[in-house]
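K.L.:
One structure, as structure tokens, below. Some questions next.
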Amino acid sequence: MASESKYPDLTSFKALSFDCYGTLIDWETGFLNTVRLLTSQLPASHPLNTEPPTEALQRLNAVTRKFEHAQPTLPYNELLAEAITQFAITDLELPGLSDSIAEPFGNSPGTWGPFADTVPALQRLQRRYKLAILSNVDNRNITATVDRQLAPATFDAVYTAQDVGSYKPEIRNFDYLFRRLKDDLGVDRDRGDLLHVACSLWADHVPAAQLGLPSVWISRVSQGDGERLGGELAEYKDKVKFGWRFDTLGEFADEVERQFAAKSKA
């Protein structure tokens with residue numbers, strides 16, 4: 001793994017590809033708000049009825065990942081509805097889940113807000129690079145996110161798991177990204193044009209390392225005392241090769257601006 005204390009050159013890249021939910025959008029809070037609706041129905045003594053409900057959140061995330069693997073062509077909004085219903089029955093031992101909770105949850109990612117630093121950082125970064133998204137969500141949710149939650153920042157390209165027919169960390173999602181960026185924007189990853197920016201180690205940085213794709217880890221601190229939903233570095237340190245690490249996207253944008261300023265004075 002590349003040293004975390006040094007910042008190699010960031011000025012040579014032509015484009016940035018982003019994971020969206022968890023990196024740009026506060027995915028964890030969106031999940032927590034719905035999980036609370038369910039755990040609050042449990043007896044006070046139930047081990048999953050905690051605040052924040054981090055263990056329940058981690059279990060729902062695990063169920064969601066299983067669905068992504070088992071049903072790769074199922075759009076994310078439908079997958080979330082199925083996953084939370086299964087979670088309610090198997091993990092929370094509830095009798096079932098009404099459509100008034102399951103379906104709105106599936107369509108909720110488009111309503112989740114960005115981290116406070118996200119939009120200002122994107123506005124700075126778009127002055128230096130072309131920006132693209134490679135997300136595991138469906139087209140309906142990502143459209144709402146880009147048009148409402150991330151505005152007035154703009155993106156040159158947006159690609160989803162629904163477009164690809166599989167979910168990250170599948171390599172085919174990144175192959176799709178490379179092909180489309182080259183066709184749509186003239187961005188050639190084989191020429192060193194592309195830098196991937198993401199929080200999730202297992203979904204983004206592991207496949208990036210396998211493909212030799214340079215990457216930036218935005219390490220976003222998890223809520224509560226649970227493990228990071230994107231994976232703990234201790235678990236994945238031998239499988240990732242990110243060249244840069246920042247706690248927030250704002251800090252990444254600061255370093256980009258510092259490097260471009262230094263280059264202009266050289």
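Ligands are numbered from 1 in the order shown, chains are lettered A, B, ... in the order of the structure tokens, and residues start at 1 in each chain.
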Among region 10-225 of chain A, which residues carry a DSSP assignment of alpha helix (DSSP H), reported as a count of residues only?
P.N.:
92
K.L.:
List as a VMD selection string the protein and nucleic acid residues near region 119-131 of chain A, meaning an atom at most 8 Å away when only C-alpha atoms are counted, but skip any in the same chain fewer than 5 places from it.
P.N.:
chain A and resid 13 to 18 114 150 to 157 249 to 250 253 256
K.L.:
Any chance you could export the current selection's C-alpha atoms as a PDB file, in the first residue's frame?
P.N.:
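What follows is the written file again.pdb:
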```pdb
ATOM      1  CA  PHE A  13      -4.994  13.532 -14.193  1.00  0.00           C
ATOM      2  CA  LYS A  14      -7.692  14.664 -16.596  1.00  0.00           C
ATOM      3  CA  ALA A  15     -10.737  13.188 -14.837  1.00  0.00           C
ATOM      4  CA  LEU A  16     -11.987  12.003 -11.452  1.00  0.00           C
ATOM      5  CA  SER A  17     -14.449   9.146 -11.045  1.00  0.00           C
ATOM      6  CA  PHE A  18     -16.384   9.069  -7.777  1.00  0.00           C
ATOM      7  CA  PRO A 114     -24.469  15.329   0.929  1.00  0.00           C
ATOM      8  CA  LEU A 150     -25.329  17.739  -5.462  1.00  0.00           C
ATOM      9  CA  ALA A 151     -26.342  20.853  -7.399  1.00  0.00           C
ATOM     10  CA  PRO A 152     -24.968  23.314  -8.312  1.00  0.00           C
ATOM     11  CA  ALA A 153     -21.952  21.029  -8.802  1.00  0.00           C
ATOM     12  CA  THR A 154     -22.170  19.212 -12.141  1.00  0.00           C
ATOM     13  CA  PHE A 155     -20.891  15.967 -13.614  1.00  0.00           C
ATOM     14  CA  ASP A 156     -19.726  15.149 -17.117  1.00  0.00           C
ATOM     15  CA  ALA A 157     -20.847  11.508 -16.870  1.00  0.00           C
ATOM     16  CA  LEU A 249     -13.448  15.540   0.134  1.00  0.00           C
ATOM     17  CA  GLY A 250     -12.777  19.104   1.198  1.00  0.00           C
ATOM     18  CA  ALA A 253      -9.764  19.566  -2.854  1.00  0.00           C
ATOM     19  CA  VAL A 256      -5.441  19.632  -5.322  1.00  0.00           C
TER      20      VAL A 256
END
```
K.L.:
Could you tell me which of A:Ser100, A:Phe67, A:Asp117, A:Ala62 comes closest to Asp254 (chain A) if we count only C-alpha atoms?
P.N.:
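Between A:Ser100, A:Phe67, A:Asp117, A:Ala62, the residue approaching Asp254 (chain A) most closely is A:Asp117.
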